[in-house]
Structures are given as C-alpha cells and as structure tokens.
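Colleague: Starting off with a structure, shown below.
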Amino acid sequence: MALLSFLRARPGCGSAYHESKWAAEQLVRGCGLEWTVLKPGMMYGHGDHMLDHLSHALHTFPLFAGVGPRRVRPLAVGDVVEVLCAALLQGGLAHKTVALVGPTELGFDQAGLPAPGPFGPSDLRCWS
C-alpha cells in the first residue's frame, strides 16, 4: 500500500488539509500491511495549477513578503509517479516514510516564474 501525503503534513498545525494528511499517514502506518508514505513538497506538471495556488497563497498570506526569503524545491509530478511505482512494484521502500523534493532550490517568488529550461527529473532528492 502506498499513500501520497504532503511534505508539511503534521498534527496540530492549524491546517485541516495538513492534519487530515497526517491522520491518513497514521492509519496507513498502523494498518498491518506493507506500506510506504510519500511526502512530496510543491509539485508541478502539465496542466497543474501551481501558479494559481502560488498566487492564491501570496494573496491569502501576505505575511510571506515580510517573513524573509522562503525557499522551495519544485518537484516534477513525473518524478513522484516514478517513486510511487517503484515503491509499489519493487517494494524497496516498505515501512518507510519518504520526503520528496525537486533538485532545484528557488526563492518562493521565483517558483512561479518561467524557468530558463525544464527542470530535469534526473536529480530527485529523497530522504527517508
């Protein structure tokens, strides 16, 4: 069994979305089956709404501008699919929680800008 959660999922954080993802992680970990929890950060891909979400976040939380530089590592959705397939088909990540981030660190304000070239899926960063 594999669960696609979210990098910032945690209990008691005040975000219903993050807390529900954390609760799902706990259910999966306690299910008695072989499991893997993948926790990707910000993802992008064909047809995504990353720019819409980024714009919404900046308008909803204008504090970002005053907090200082925020860093993100956008992750290609195709990379997440590859890790998910490997977890399910090869079983090498059994009973592990794996954080996934992209290879390129950007300022939060740069994440919504067109990149000079495509982010390559060849340098995925994983921590378990």
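Residue numbers start at 1 in each chain; chains themselves are named A, B, ... in the order of the structure tokens; ligands are numbered from 1 in the order shown.
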Just want the 6 Å neighbourhood of range 3-19 of chain A, counted on only C-alpha atoms, with same-chain residues fewer than 4 positions away dropped. Output as a list in words.
Modeller: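 Selected residues are Val37, Leu38, Lys39, Pro40 and Gly41 of chain A.
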Colleague: Put those residues in a file: N, CA and C atoms, as a PDB file, in the first residue's frame.
Modeller:
ATOM      1  N   VAL A  37       4.800   5.676   2.722  1.00  0.00           N
ATOM      2  CA  VAL A  37       4.212   7.017   2.705  1.00  0.00           C
ATOM      3  C   VAL A  37       5.173   7.926   1.972  1.00  0.00           C
ATOM      4  N   LEU A  38       4.702   8.529   0.890  1.00  0.00           N
ATOM      5  CA  LEU A  38       5.491   9.511   0.144  1.00  0.00           C
ATOM      6  C   LEU A  38       4.993  10.897   0.513  1.00  0.00           C
ATOM      7  N   LYS A  39       5.928  11.799   0.821  1.00  0.00           N
ATOM      8  CA  LYS A  39       5.577  13.152   1.251  1.00  0.00           C
ATOM      9  C   LYS A  39       6.243  14.167   0.316  1.00  0.00           C
ATOM     10  N   PRO A  40       5.630  14.401  -0.852  1.00  0.00           N
ATOM     11  CA  PRO A  40       6.205  15.386  -1.769  1.00  0.00           C
ATOM     12  C   PRO A  40       5.918  16.811  -1.301  1.00  0.00           C
ATOM     13  N   GLY A  41       6.796  17.715  -1.708  1.00  0.00           N
ATOM     14  CA  GLY A  41       6.576  19.141  -1.471  1.00  0.00           C
ATOM     15  C   GLY A  41       5.791  19.722  -2.640  1.00  0.00           C
TER      16      GLY A  41
END
Colleague: What's the separation between CA of Glu25 in chain A and CA of Ala99 in chain A, in Å to one decimal place?
Modeller: 12.8 Å
Colleague: For CA of Leu93 in chain A and CA of Val81 in chain A, determine how far apart the two atoms are, in Å to one decimal place.
Modeller: 14.1 Å
Colleague: One decimal, in Å: what's the spacing between CA of Val72 in chain A and CA of Leu106 in chain A?
Modeller: 5.4 Å
Colleague: Quick one: residues within 8 Å of Leu33 in chain A, only C-alpha atoms counted, chain neighbours fewer than 2 positions away excluded, as a PDB file with C-alpha atoms, in the first residue's frame?
Modeller:
ATOM      1  CA  MET A   1       0.000   0.000   0.000  1.00  0.00           C
ATOM      2  CA  CYS A  31      -2.779  -0.990   9.021  1.00  0.00           C
ATOM      3  CA  TRP A  35       3.146   0.359   3.349  1.00  0.00           C
TER       4      TRP A  35
END
Colleague: Using only C-alpha atoms, which of A:Gly102, A:Thr36, A:Gly107, A:Lys96 sits nearest Ala2 in chain A?
Modeller: A:Thr36
